[in-house]
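J.: Please find my_file_13.pdb (PDB, N, CA and C atoms and all ligand atoms) on the next line:
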```
ATOM      1  N   MET M   1      18.177 -12.627  19.469
ATOM      2  CA  MET M   1      17.856 -11.354  20.108
ATOM      3  C   MET M   1      16.387 -11.025  19.859
ATOM      4  N   PRO M   2      15.623 -10.882  20.924
ATOM      5  CA  PRO M   2      14.201 -10.564  20.720
ATOM      6  C   PRO M   2      14.021  -9.159  20.159
ATOM      7  N   ILE M   3      13.056  -9.029  19.302
ATOM      8  CA  ILE M   3      12.780  -7.730  18.697
ATOM      9  C   ILE M   3      11.668  -7.050  19.495
ATOM     10  N   ARG M   4      11.940  -5.881  19.971
ATOM     11  CA  ARG M   4      10.939  -5.149  20.740
ATOM     12  C   ARG M   4      10.041  -4.371  19.799
ATOM     13  N   ILE M   5       8.759  -4.532  19.980
ATOM     14  CA  ILE M   5       7.803  -3.822  19.135
ATOM     15  C   ILE M   5       7.167  -2.699  19.956
ATOM     16  N   PRO M   6       7.258  -1.478  19.482
ATOM     17  CA  PRO M   6       6.647  -0.359  20.211
ATOM     18  C   PRO M   6       5.152  -0.562  20.396
ATOM     19  N   LEU M   7       4.648  -0.012  21.470
ATOM     20  CA  LEU M   7       3.236  -0.161  21.797
ATOM     21  C   LEU M   7       2.336   0.330  20.664
ATOM     22  N   SER M   8       2.722   1.437  20.041
ATOM     23  CA  SER M   8       1.870   1.987  18.986
ATOM     24  C   SER M   8       1.754   1.024  17.811
ATOM     25  N   CYS M   9       2.820   0.257  17.539
ATOM     26  CA  CYS M   9       2.761  -0.725  16.457
ATOM     27  C   CYS M   9       1.835  -1.877  16.840
ATOM     28  N   MET M  10       1.871  -2.248  18.123
ATOM     29  CA  MET M  10       1.026  -3.354  18.564
ATOM     30  C   MET M  10      -0.440  -2.963  18.548
ATOM     31  N   ILE M  11      -0.719  -1.711  18.868
ATOM     32  CA  ILE M  11      -2.111  -1.272  18.977
ATOM     33  C   ILE M  11      -2.690  -0.929  17.603
ATOM     34  N   SER M  12      -2.006  -0.072  16.876
ATOM     35  CA  SER M  12      -2.596   0.393  15.616
ATOM     36  C   SER M  12      -1.898  -0.173  14.387
ATOM     37  N   GLY M  13      -0.914  -1.032  14.598
ATOM     38  CA  GLY M  13      -0.234  -1.627  13.458
ATOM     39  C   GLY M  13       0.933  -0.767  12.992
ATOM     40  N   HIS M  14       1.756  -1.352  12.150
ATOM     41  CA  HIS M  14       2.923  -0.627  11.647
ATOM     42  C   HIS M  14       2.477   0.411  10.625
ATOM     43  N   LYS M  15       3.193   1.509  10.609
ATOM     44  CA  LYS M  15       2.878   2.568   9.649
ATOM     45  C   LYS M  15       4.082   2.795   8.750
ATOM     46  N   ARG M  16       3.861   2.749   7.467
ATOM     47  CA  ARG M  16       4.984   2.950   6.568
ATOM     48  C   ARG M  16       5.382   4.428   6.552
ATOM     49  N   ASP M  17       6.659   4.637   6.375
ATOM     50  CA  ASP M  17       7.199   5.985   6.321
ATOM     51  C   ASP M  17       7.050   6.497   4.894
ATOM     52  N   ARG M  18       6.155   7.436   4.685
ATOM     53  CA  ARG M  18       5.864   7.852   3.311
ATOM     54  C   ARG M  18       7.023   8.607   2.662
ATOM     55  N   ASP M  19       7.976   9.049   3.464
ATOM     56  CA  ASP M  19       9.153   9.712   2.888
ATOM     57  C   ASP M  19      10.228   8.720   2.452
ATOM     58  N   ARG M  20      10.044   7.454   2.823
ATOM     59  CA  ARG M  20      11.070   6.472   2.487
ATOM     60  C   ARG M  20      10.510   5.329   1.652
ATOM     61  N   VAL M  21       9.462   5.599   0.896
ATOM     62  CA  VAL M  21       8.903   4.579   0.023
ATOM     63  C   VAL M  21       9.777   4.463  -1.222
ATOM     64  N   TRP M  22      10.078   3.245  -1.609
ATOM     65  CA  TRP M  22      10.900   3.040  -2.811
ATOM     66  C   TRP M  22      10.414   1.803  -3.563
ATOM     67  N   TRP M  23      10.757   1.758  -4.823
ATOM     68  CA  TRP M  23      10.322   0.688  -5.718
ATOM     69  C   TRP M  23      11.468  -0.297  -5.897
ATOM     70  N   ASP M  24      11.242  -1.574  -5.572
ATOM     71  CA  ASP M  24      12.332  -2.544  -5.664
ATOM     72  C   ASP M  24      12.325  -3.274  -7.002
ATOM     73  N   GLY M  25      11.512  -2.818  -7.932
ATOM     74  CA  GLY M  25      11.430  -3.448  -9.240
ATOM     75  C   GLY M  25      10.237  -4.370  -9.354
ATOM     76  N   VAL M  26       9.664  -4.752  -8.208
ATOM     77  CA  VAL M  26       8.497  -5.628  -8.186
ATOM     78  C   VAL M  26       7.398  -5.035  -7.308
ATOM     79  N   ASP M  27       7.777  -4.566  -6.150
ATOM     80  CA  ASP M  27       6.807  -4.047  -5.194
ATOM     81  C   ASP M  27       7.285  -2.740  -4.578
ATOM     82  N   TRP M  28       6.353  -2.022  -3.978
ATOM     83  CA  TRP M  28       6.692  -0.833  -3.207
ATOM     84  C   TRP M  28       7.167  -1.267  -1.838
ATOM     85  N   ARG M  29       8.228  -0.635  -1.388
ATOM     86  CA  ARG M  29       8.827  -0.994  -0.101
ATOM     87  C   ARG M  29       8.966   0.256   0.755
ATOM     88  N   SER M  30       8.999   0.038   2.053
ATOM     89  CA  SER M  30       9.228   1.133   2.979
ATOM     90  C   SER M  30       9.640   0.542   4.319
ATOM     91  N   ASN M  31       9.696   1.374   5.329
ATOM     92  CA  ASN M  31       9.979   0.904   6.682
ATOM     93  C   ASN M  31       8.931   1.496   7.608
ATOM     94  N   CYS M  32       8.685   0.809   8.707
ATOM     95  CA  CYS M  32       7.750   1.331   9.691
ATOM     96  C   CYS M  32       8.341   2.612  10.278
ATOM     97  N   ILE M  33       7.513   3.639  10.346
ATOM     98  CA  ILE M  33       7.976   4.932  10.821
ATOM     99  C   ILE M  33       8.315   4.881  12.307
ATOM    100  N   THR M  34       7.747   3.928  13.016
ATOM    101  CA  THR M  34       7.968   3.833  14.456
ATOM    102  C   THR M  34       9.087   2.870  14.819
ATOM    103  N   CYS M  35       9.021   1.640  14.299
ATOM    104  CA  CYS M  35       9.982   0.625  14.731
ATOM    105  C   CYS M  35      11.002   0.293  13.651
ATOM    106  N   ASP M  36      10.845   0.864  12.465
ATOM    107  CA  ASP M  36      11.813   0.717  11.383
ATOM    108  C   ASP M  36      11.858  -0.667  10.749
ATOM    109  N   LYS M  37      10.846  -1.491  11.021
ATOM    110  CA  LYS M  37      10.818  -2.794  10.363
ATOM    111  C   LYS M  37      10.525  -2.608   8.879
ATOM    112  N   PRO M  38      11.137  -3.453   8.029
ATOM    113  CA  PRO M  38      10.858  -3.342   6.591
ATOM    114  C   PRO M  38       9.414  -3.724   6.281
ATOM    115  N   MET M  39       8.832  -2.975   5.374
ATOM    116  CA  MET M  39       7.454  -3.231   4.984
ATOM    117  C   MET M  39       7.361  -3.334   3.473
ATOM    118  N   ILE M  40       6.273  -3.955   3.018
ATOM    119  CA  ILE M  40       6.052  -4.132   1.589
ATOM    120  C   ILE M  40       4.586  -3.848   1.299
ATOM    121  N   ARG M  41       4.331  -3.261   0.132
ATOM    122  CA  ARG M  41       2.949  -3.000  -0.235
ATOM    123  C   ARG M  41       2.402  -4.238  -0.928
ATOM    124  N   TYR M  42       1.357  -4.790  -0.356
ATOM    125  CA  TYR M  42       0.747  -5.985  -0.920
ATOM    126  C   TYR M  42      -0.685  -5.642  -1.305
ATOM    127  N   ARG M  43      -0.991  -5.791  -2.617
ATOM    128  CA  ARG M  43      -2.265  -5.304  -3.144
ATOM    129  C   ARG M  43      -2.422  -3.858  -2.717
ATOM    130  N   HIS M  44      -3.411  -3.503  -1.926
ATOM    131  CA  HIS M  44      -3.569  -2.091  -1.566
ATOM    132  C   HIS M  44      -3.227  -1.823  -0.116
ATOM    133  N   ASN M  45      -2.581  -2.786   0.534
ATOM    134  CA  ASN M  45      -2.248  -2.616   1.942
ATOM    135  C   ASN M  45      -0.755  -2.755   2.163
ATOM    136  N   TRP M  46      -0.299  -2.182   3.237
ATOM    137  CA  TRP M  46       1.086  -2.346   3.644
ATOM    138  C   TRP M  46       1.149  -3.402   4.722
ATOM    139  N   ARG M  47       2.130  -4.308   4.619
ATOM    140  CA  ARG M  47       2.337  -5.310   5.660
ATOM    141  C   ARG M  47       3.833  -5.456   5.856
ATOM    142  N   LEU M  48       4.214  -6.169   6.912
ATOM    143  CA  LEU M  48       5.629  -6.368   7.167
ATOM    144  C   LEU M  48       6.245  -7.195   6.059
ATOM    145  N   PHE M  49       7.471  -6.879   5.726
ATOM    146  CA  PHE M  49       8.200  -7.618   4.705
ATOM    147  C   PHE M  49       8.669  -8.943   5.285
ATOM    148  N   GLU M  50       8.353 -10.038   4.615
ATOM    149  CA  GLU M  50       8.766 -11.366   5.067
ATOM    150  C   GLU M  50       9.950 -11.834   4.226
ATOM    151  N   PRO M  51      10.836 -12.648   4.816
ATOM    152  CA  PRO M  51      11.963 -13.181   4.034
ATOM    153  C   PRO M  51      11.494 -13.892   2.765
ATOM    154  N   SER M  52      10.325 -14.519   2.826
ATOM    155  CA  SER M  52       9.823 -15.244   1.650
ATOM    156  C   SER M  52       9.483 -14.283   0.511
ATOM    157  N   ASP M  53       9.289 -13.002   0.838
ATOM    158  CA  ASP M  53       8.996 -12.021  -0.208
ATOM    159  C   ASP M  53      10.177 -11.846  -1.150
ATOM    160  N   GLU M  54      11.358 -12.243  -0.680
ATOM    161  CA  GLU M  54      12.561 -12.073  -1.477
ATOM    162  C   GLU M  54      12.761 -13.239  -2.452
ATOM    163  N   SER M  55      11.914 -14.239  -2.383
ATOM    164  CA  SER M  55      12.112 -15.444  -3.183
ATOM    165  C   SER M  55      11.969 -15.176  -4.679
ATOM    166  N   ALA M  56      12.574 -16.042  -5.454
ATOM    167  CA  ALA M  56      12.511 -15.912  -6.910
ATOM    168  C   ALA M  56      11.079 -16.081  -7.394
ATOM    169  N   ASP M  57      10.300 -16.855  -6.655
ATOM    170  CA  ASP M  57       8.889 -17.072  -6.992
ATOM    171  C   ASP M  57       8.141 -15.767  -7.197
ATOM    172  N   ARG M  58       8.360 -14.886  -6.248
ATOM    173  CA  ARG M  58       7.643 -13.617  -6.268
ATOM    174  C   ARG M  58       7.946 -12.863  -7.559
ATOM    175  N   LYS M  59       9.234 -12.819  -7.915
ATOM    176  CA  LYS M  59       9.612 -12.038  -9.068
ATOM    177  C   LYS M  59       9.112 -12.680 -10.372
ATOM    178  N   THR M  60       9.265 -13.993 -10.469
ATOM    179  CA  THR M  60       8.812 -14.644 -11.699
ATOM    180  C   THR M  60       7.296 -14.522 -11.838
ATOM    181  N   LYS M  61       6.602 -14.617 -10.677
ATOM    182  CA  LYS M  61       5.154 -14.513 -10.720
ATOM    183  C   LYS M  61       4.738 -13.140 -11.243
ATOM    184  N   HIS M  62       5.400 -12.115 -10.747
ATOM    185  CA  HIS M  62       5.055 -10.762 -11.179
ATOM    186  C   HIS M  62       5.400 -10.541 -12.637
ATOM    187  N   VAL M  63       6.561 -11.065 -13.052
ATOM    188  CA  VAL M  63       6.982 -10.879 -14.441
ATOM    189  C   VAL M  63       5.988 -11.541 -15.388
ATOM    190  N   ALA M  64       5.440 -12.690 -14.948
ATOM    191  CA  ALA M  64       4.519 -13.438 -15.797
ATOM    192  C   ALA M  64       3.168 -12.723 -15.936
ATOM    193  N   ASP M  65       2.858 -11.856 -15.006
ATOM    194  CA  ASP M  65       1.554 -11.170 -15.034
ATOM    195  C   ASP M  65       1.377 -10.322 -16.295
TER     196      ASP M  65
HETATM  197 ZN    ZN M 101       6.255  -0.734  13.548
END
```
Show me this structure written as C-alpha cells.

T.:
Amino acid sequence: MPIRIPLSCMISGHKRDRDRVWWDGVDWRSNCITCDKPMIRYRHNWRLFEPSDESADRKTKHVAD
C-alpha cells in the first residue's frame, strides 16, 4: 500500500508533534503532526524513524557512550 505524503511534508519536511514527544529509553520520539509518521530525534534534528533505528546496535551503542 503506497503511503501518501501530504504536500506540506514534501515542501517543508515533517514536523514533530511537540505534544506527543516521548522518551523511548534511548532517543526522543514523536510523530509528524501532519502525516503521523513516526519520528526520532537524531543529534539536534528530527528525522523520520527508520526500522533500523529499532536495532540492538543502536541501544548498545548508546549504552556504551
Ligand atoms: Zn509528515

J.: Between M:Arg58, M:Arg29, M:Lys15, M:Arg41, which has the minimum distance to ligand ZN 101 (chain M) (counting only N, CA and C atoms and all ligand atoms)?

T.: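 For ligand ZN 101 (chain M), the nearest of the given residues is M:Lys15.
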
J.: For this structure, which residues satisfy the selection - the PyMOL selection byres (((chain M and resi 30) around 8) and not hetatm) - when it is evaluated on the file as given? I want them as a PyMOL selection string.

T.: chain M and resi 15-23+27-29+31-33+36-41+49

J.: DSSP says strand (DSSP E or B) for which residues of range 11-63 of chain M? Put them as a list in words?

T.: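 DSSP on the backbone gives strand (DSSP E or B) at Arg16, Trp22, Trp23, Trp28, Arg29, Ser30, Asn31, Cys32, Pro38, Met39, Ile40, Arg41, Tyr42, Asn45, Trp46, Arg47 and Leu48 of chain M.
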
J.: In terms of the shortest atom-to-atom distance over only N, CA and C atoms and all ligand atoms, which of M:Asp24, M:Arg43, M:Glu50, M:His14 is closest to ligand ZN 101 (chain M)?

T.: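 Going through M:Asp24, M:Arg43, M:Glu50, M:His14 one by one, the smallest distance to ligand ZN 101 (chain M) is for M:His14.
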